$ cat protein38.tsv   # TSV, C-alpha atoms
chain	number	residue	atom	x	y	z
T	10	PRO	CA	-104.98	47.82	-104.51
T	11	PHE	CA	-106.99	51.03	-104.76
T	12	LYS	CA	-104.33	53.02	-102.92
T	13	GLU	CA	-101.60	51.61	-105.13
T	14	ALA	CA	-103.59	52.37	-108.30
T	15	TRP	CA	-104.27	55.91	-107.09
T	16	ARG	CA	-100.61	56.41	-106.25
T	17	ASN	CA	-99.57	55.21	-109.72
T	18	TYR	CA	-102.13	57.48	-111.37
T	19	MET	CA	-100.95	60.52	-109.43
T	20	SER	CA	-97.33	59.68	-110.22
T	21	GLN	CA	-98.07	59.48	-113.95
T	22	SER	CA	-100.16	62.66	-113.85
T	23	HIS	CA	-97.35	64.45	-112.02
T	24	ALA	CA	-94.78	63.27	-114.58
T	25	ALA	CA	-96.92	64.34	-117.55
T	26	ARG	CA	-97.53	67.78	-116.05
T	27	PHE	CA	-93.84	68.15	-115.32
T	28	LEU	CA	-92.92	67.42	-118.96
T	29	VAL	CA	-95.53	69.93	-120.14
T	30	VAL	CA	-93.90	72.52	-117.88
T	31	VAL	CA	-90.45	71.74	-119.30
T	32	GLY	CA	-91.70	71.99	-122.89
T	33	LEU	CA	-93.68	75.20	-122.47
T	34	GLY	CA	-91.03	76.96	-120.42
T	35	THR	CA	-88.13	75.98	-122.65
T	36	ALA	CA	-89.94	77.12	-125.80
T	37	GLY	CA	-91.01	80.29	-124.01
T	38	PHE	CA	-87.41	81.23	-123.26
T	39	GLN	CA	-85.75	80.02	-126.46
T	40	MET	CA	-87.91	81.47	-129.26
T	41	GLN	CA	-85.91	84.68	-128.94
T	42	ASP	CA	-82.56	82.93	-129.34
T	43	ILE	CA	-81.82	84.08	-132.90
T	44	LEU	CA	-83.87	87.29	-132.72
T	45	LEU	CA	-82.35	89.26	-129.86
T	46	GLU	CA	-79.29	90.61	-131.69
T	47	PRO	CA	-81.18	91.41	-134.95
T	48	TYR	CA	-83.81	93.20	-132.85
T	49	GLY	CA	-81.17	95.38	-131.25
T	50	GLY	CA	-79.56	96.25	-134.58
T	51	GLU	CA	-82.64	96.62	-136.79
T	52	ILE	CA	-85.09	98.18	-134.35
T	53	LEU	CA	-82.91	100.04	-131.82
T	54	GLY	CA	-80.09	100.89	-134.22
T	55	LEU	CA	-77.34	99.34	-132.08
T	56	SER	CA	-73.93	98.82	-133.60
T	57	VAL	CA	-72.52	95.37	-134.35
T	58	SER	CA	-70.27	95.53	-131.29
T	59	ALA	CA	-73.19	96.62	-129.11
T	60	THR	CA	-75.43	93.77	-130.27
T	61	THR	CA	-72.59	91.27	-129.76
T	62	THR	CA	-72.41	92.23	-126.09
T	63	LEU	CA	-76.01	91.05	-125.72
T	64	THR	CA	-74.78	87.46	-125.78
T	65	ALA	CA	-72.40	88.28	-122.92
T	66	LEU	CA	-75.23	89.93	-120.95
T	67	LEU	CA	-77.46	86.91	-121.53
T	68	ALA	CA	-74.70	84.52	-120.43
T	69	GLY	CA	-73.84	86.71	-117.46
T	70	GLY	CA	-77.45	86.65	-116.28
T	71	THR	CA	-77.53	82.88	-116.62
T	72	LEU	CA	-74.30	82.40	-114.64
T	73	ALA	CA	-75.51	84.70	-111.88
T	74	SER	CA	-78.78	82.77	-111.67
T	75	LEU	CA	-76.90	79.45	-111.41
T	76	ALA	CA	-74.96	80.71	-108.41
T	77	LEU	CA	-78.10	82.02	-106.74
T	78	ALA	CA	-80.01	78.83	-107.55
T	79	ALA	CA	-77.27	76.75	-105.90
T	80	TRP	CA	-77.56	78.91	-102.78
T	81	TRP	CA	-81.37	78.54	-102.80
T	82	LEU	CA	-81.44	74.79	-103.31
T	83	ASN	CA	-78.64	74.05	-100.86
T	84	ARG	CA	-80.81	75.68	-98.20
T	85	GLY	CA	-83.83	73.50	-98.91
T	86	GLY	CA	-85.51	75.58	-101.62
T	87	ASN	CA	-88.30	73.98	-103.66
T	88	PRO	CA	-87.10	73.43	-107.26
T	89	TYR	CA	-90.61	73.96	-108.63
T	90	ARG	CA	-90.80	77.35	-106.93
T	91	LEU	CA	-87.42	78.17	-108.42
T	92	SER	CA	-88.69	77.28	-111.91
T	93	ALA	CA	-91.84	79.35	-111.38
T	94	LEU	CA	-89.72	82.30	-110.27
T	95	GLY	CA	-87.65	81.91	-113.43
T	96	ALA	CA	-90.81	82.06	-115.56
T	97	LEU	CA	-91.97	85.20	-113.72
T	98	ILE	CA	-88.61	86.87	-114.32
T	99	GLY	CA	-88.85	85.87	-117.98
T	100	ILE	CA	-92.25	87.53	-118.33
T	101	GLY	CA	-90.84	90.77	-116.93
T	102	ALA	CA	-87.76	90.46	-119.13
T	103	PHE	CA	-89.72	90.07	-122.37
T	104	THR	CA	-91.97	92.94	-121.36
T	105	ALA	CA	-88.88	95.13	-120.98
T	106	VAL	CA	-87.59	94.03	-124.40
T	107	ILE	CA	-90.92	94.87	-126.03
T	108	LEU	CA	-91.11	98.29	-124.37
T	109	ALA	CA	-87.52	99.10	-125.38
T	110	ALA	CA	-88.64	99.78	-128.98
T	111	PRO	CA	-91.39	102.40	-128.37
T	112	MET	CA	-89.27	103.98	-125.63
T	113	ASP	CA	-86.14	103.82	-127.83
T	114	SER	CA	-84.18	102.67	-124.79
T	115	ALA	CA	-81.07	100.57	-125.34
T	116	LEU	CA	-80.61	100.40	-121.56
T	117	LEU	CA	-84.04	98.85	-121.03
T	118	PHE	CA	-83.26	96.39	-123.81
T	119	ARG	CA	-79.98	95.35	-122.17
T	120	ILE	CA	-81.70	94.93	-118.81
T	121	GLY	CA	-84.34	92.75	-120.47
T	122	ALA	CA	-81.67	90.62	-122.19
T	123	THR	CA	-79.84	90.10	-118.90
T	124	CYS	CA	-83.04	89.13	-117.13
T	125	ILE	CA	-83.89	86.63	-119.89
T	126	GLY	CA	-80.64	84.84	-119.06
T	127	PHE	CA	-81.41	85.08	-115.36
T	128	GLY	CA	-84.89	83.59	-115.75
T	129	THR	CA	-83.62	80.89	-118.10
T	130	GLY	CA	-81.04	79.76	-115.53
T	131	PHE	CA	-83.58	79.56	-112.72
T	132	PHE	CA	-86.03	77.63	-114.87
T	133	ALA	CA	-83.46	75.16	-116.23
T	134	VAL	CA	-81.93	74.43	-112.82
T	135	GLY	CA	-85.30	74.08	-111.12
T	136	THR	CA	-86.66	71.59	-113.65
T	137	LEU	CA	-83.37	69.67	-113.72
T	138	ILE	CA	-83.28	69.24	-109.94
T	139	ALA	CA	-86.98	68.29	-109.93
T	140	ALA	CA	-86.20	65.55	-112.47
T	141	MET	CA	-83.19	64.36	-110.45
T	142	SER	CA	-85.33	64.17	-107.30
T	143	ARG	CA	-87.62	61.48	-108.77
T	144	GLU	CA	-85.61	58.70	-107.17
T	145	ASN	CA	-88.42	56.60	-105.76
T	146	GLY	CA	-88.87	53.40	-107.72
T	147	GLY	CA	-85.72	53.98	-109.75
T	148	GLN	CA	-87.33	56.74	-111.82
T	149	SER	CA	-84.46	59.23	-111.68
T	150	GLY	CA	-82.75	58.05	-114.86
T	151	ILE	CA	-86.00	57.89	-116.82
T	152	ALA	CA	-87.02	61.34	-115.59
T	153	LEU	CA	-83.65	62.82	-116.55
T	154	GLY	CA	-83.86	61.26	-120.00
T	155	ALA	CA	-87.37	62.59	-120.53
T	156	TRP	CA	-86.30	66.03	-119.25
T	157	GLY	CA	-83.43	66.13	-121.72
T	158	ALA	CA	-85.52	64.91	-124.66
T	159	VAL	CA	-88.38	67.34	-124.07
T	160	GLN	CA	-86.03	70.25	-123.44
T	161	ALA	CA	-83.99	69.59	-126.60
T	162	THR	CA	-87.13	69.20	-128.73
T	163	ALA	CA	-88.78	72.34	-127.34
T	164	LEU	CA	-85.54	74.30	-127.73
T	165	GLY	CA	-85.14	73.36	-131.39
T	166	LEU	CA	-88.78	73.92	-132.27
T	167	GLY	CA	-88.84	77.19	-130.35
T	168	ILE	CA	-85.86	78.61	-132.22
T	169	ILE	CA	-87.27	77.56	-135.60
T	170	LEU	CA	-90.75	78.91	-134.85
T	171	GLY	CA	-89.34	82.19	-133.56
T	172	GLY	CA	-87.60	82.91	-136.85
T	173	VAL	CA	-90.47	81.65	-139.02
T	174	ILE	CA	-93.13	83.63	-137.16
T	175	ARG	CA	-91.05	86.82	-137.31
T	176	ASP	CA	-90.57	86.44	-141.08
T	177	ILE	CA	-94.24	85.62	-141.75
T	178	VAL	CA	-95.54	88.54	-139.70
T	179	ASN	CA	-93.06	90.99	-141.27
T	180	ALA	CA	-94.06	89.77	-144.75
T	181	MET	CA	-97.69	90.46	-143.85
T	182	THR	CA	-96.96	93.90	-142.41
T	183	SER	CA	-94.94	94.89	-145.47
T	184	ARG	CA	-98.10	94.32	-147.54
T	185	GLU	CA	-100.26	96.07	-144.92
T	186	LEU	CA	-102.28	92.90	-144.43
T	187	LEU	CA	-102.55	93.69	-140.72
T	188	GLY	CA	-103.66	97.26	-141.28
T	189	PRO	CA	-101.89	100.54	-142.05
T	190	SER	CA	-100.94	101.08	-138.40
T	191	LEU	CA	-99.00	97.80	-138.17
T	192	THR	CA	-96.33	98.14	-140.82
T	193	GLY	CA	-93.00	98.48	-138.98
T	194	PRO	CA	-90.33	95.75	-138.83
T	195	GLU	CA	-90.67	95.69	-135.05
T	196	ILE	CA	-94.10	94.05	-135.32
T	197	GLY	CA	-92.70	90.63	-136.20
T	198	TYR	CA	-90.36	90.69	-133.22
T	199	ALA	CA	-93.11	91.93	-130.90
T	200	VAL	CA	-95.43	89.08	-131.93
T	201	VAL	CA	-92.75	86.50	-131.07
T	202	TYR	CA	-92.03	88.13	-127.71
T	203	HIS	CA	-95.73	88.26	-126.88
T	204	ILE	CA	-96.06	84.57	-127.74
T	205	GLU	CA	-93.17	83.85	-125.37
T	206	ILE	CA	-94.94	85.75	-122.60
T	207	VAL	CA	-98.09	83.67	-123.21
T	208	LEU	CA	-96.04	80.45	-123.09
T	209	LEU	CA	-94.44	81.47	-119.80
T	210	LEU	CA	-97.86	82.35	-118.35
T	211	ALA	CA	-99.06	78.89	-119.41
T	212	THR	CA	-95.96	77.46	-117.72
T	213	LEU	CA	-96.95	79.16	-114.46
T	214	VAL	CA	-100.46	77.73	-114.70
T	215	ALA	CA	-99.10	74.23	-115.34
T	216	ILE	CA	-96.50	74.36	-112.58
T	217	GLY	CA	-98.91	75.58	-109.89
T	218	PRO	CA	-100.08	72.12	-108.73
T	219	LEU	CA	-96.48	70.87	-108.74
T	220	VAL	CA	-95.39	73.68	-106.42
T	221	ARG	CA	-98.10	72.64	-103.95
T	222	SER	CA	-97.43	68.90	-104.28
T	223	LYS	CA	-95.34	66.83	-101.90
T	224	SER	CA	-93.50	65.05	-104.73
T	225	VAL	CA	-90.19	66.65	-103.88
T	226	SER	CA	-89.34	65.97	-100.28
T	227	ARG	CA	-87.41	68.43	-98.18
T	228	GLU	CA	-84.47	66.05	-98.06
T	229	GLN	CA	-84.33	65.77	-101.85
T	230	SER	CA	-84.88	69.46	-102.55
T	231	SER	CA	-82.14	70.40	-100.10
T	232	SER	CA	-79.54	68.11	-101.64
T	233	ARG	CA	-76.40	69.94	-102.59
T	234	PHE	CA	-76.26	71.32	-106.08
T	235	GLY	CA	-73.43	72.55	-108.24
T	236	MET	CA	-72.34	72.85	-111.85
T	237	ALA	CA	-71.33	69.16	-111.83
T	238	ASP	CA	-75.01	68.25	-111.51
T	239	PHE	CA	-75.74	69.35	-115.10
T	240	PRO	CA	-75.79	66.41	-117.47
T	241	GLY	CA	-73.10	66.48	-120.13
$ encode --input "protein38.tsv" --output "structure tokens"
Amino acid sequence: PFKEAWRNYMSQSHAARFLVVVGLGTAGFQMQDILLEPYGGEILGLSVSATTTLTALLAGGTLASLALAAWWLNRGGNPYRLSALGALIGIGAFTAVILAAPMDSALLFRIGATCIGFGTGFFAVGTLIAAMSRENGGQSGIALGAWGAVQATALGLGIILGGVIRDIVNAMTSRELLGPSLTGPEIGYAVVYHIEIVLLLATLVAIGPLVRSKSVSREQSSSRFGMADFPG
């Protein structure tokens, strides 16, 4: 009885931590969703056509990461490690986007945008496969449903908060409420990007025990993966 109770407790603890990871990571990547193009136009002075290409760069990074993730997972890669790698790439990507403004570098900005897509793909695939791997006890369907619900909620809230925080901070800087040295329109964007970095760091902290756990067996983590595995 004690072993069974302990096993149930660890299973529930693992599931709760996993959902925290999904929520934090998804919000961390998606707060920039409606800010990336305005940032390029307003702060870096990019043309409309140049900012439009950012969506293509973001999508291209995501597609490339999906192909690489399939290669990784089909060779027995750990999906939690893949998600953690995605979060690490995201931290570097947002750092590049932040530095693009003071360095006035459109190239650095484009690299950052591409890497955001790359990190997002790794994180999404890793958490999806981790949810699909919870097959013991018939938990796969429940885990997939929870993954989808948490991801959708965090995505929506992240996008809304990103825009609201940018507007609030810029309203404060326009009145010099943050001091005379923090008055540019780039401050609002930078605050959002820094928050995303903090969220991704928190994601790495939360996912650490999952990476070291034995919850995803080698057989499950090495199951073949392709685009058809994404839920519709």
$ atom_distance --input "protein38.tsv" --atom1 "CA of Leu67 in chain T" --atom2 "CA of Glu46 in chain T"
11.0 Å
$ residues_around --input "protein38.tsv" --residues "Tyr48 in chain T" --least-positions-apart "6" --cutoff "9 Å" --atoms "only C-alpha atoms" --output "ChimeraX atom specification"
/T:54-55,60,195,198
$ atom_distance --input "protein38.tsv" --atom1 "CA of Ala109 in chain T" --atom2 "CA of Thr182 in chain T"
20.2 Å
$ atom_distance --input "protein38.tsv" --atom1 "CA of Arg175 in chain T" --atom2 "CA of Leu45 in chain T"
11.7 Å
$ residues_around --input "protein38.tsv" --residues "Ala96 in chain T" --least-positions-apart "4" --cutoff "8 Å" --atoms "all atoms listed in the file" --output "MDAnalysis selection string"
chainID T and resid 34 92 100 128:129 132 209:210 212:213
$ closest_residue --input "protein38.tsv" --among "T:Ala180, T:Leu164, T:Ala122, T:Leu72" --to "Gln39 in chain T" --atoms "all atoms listed in the file"
T:Leu164
$ residues_near_point --input "protein38.tsv" --point "(-89.7, 83.8, -120.3)" --cutoff "12 Å" --atoms "all atoms listed in the file" --output "NGL selection string"
:T and (33-42 or 92-106 or 121-133 or 201-213)
$ closest_residue --input "protein38.tsv" --among "T:Thr136, T:Ser183, T:Asn87, T:Thr61" --to "Arg26 in chain T" --atoms "all atoms listed in the file"
T:Thr136
$ residues_around --input "protein38.tsv" --residues "Gly172 in chain T" --least-positions-apart "4" --cutoff "8 Å" --atoms "all atoms listed in the file" --output "list in words"
Met40, Ile43, Leu44, Ile168 and Asp176 of chain T
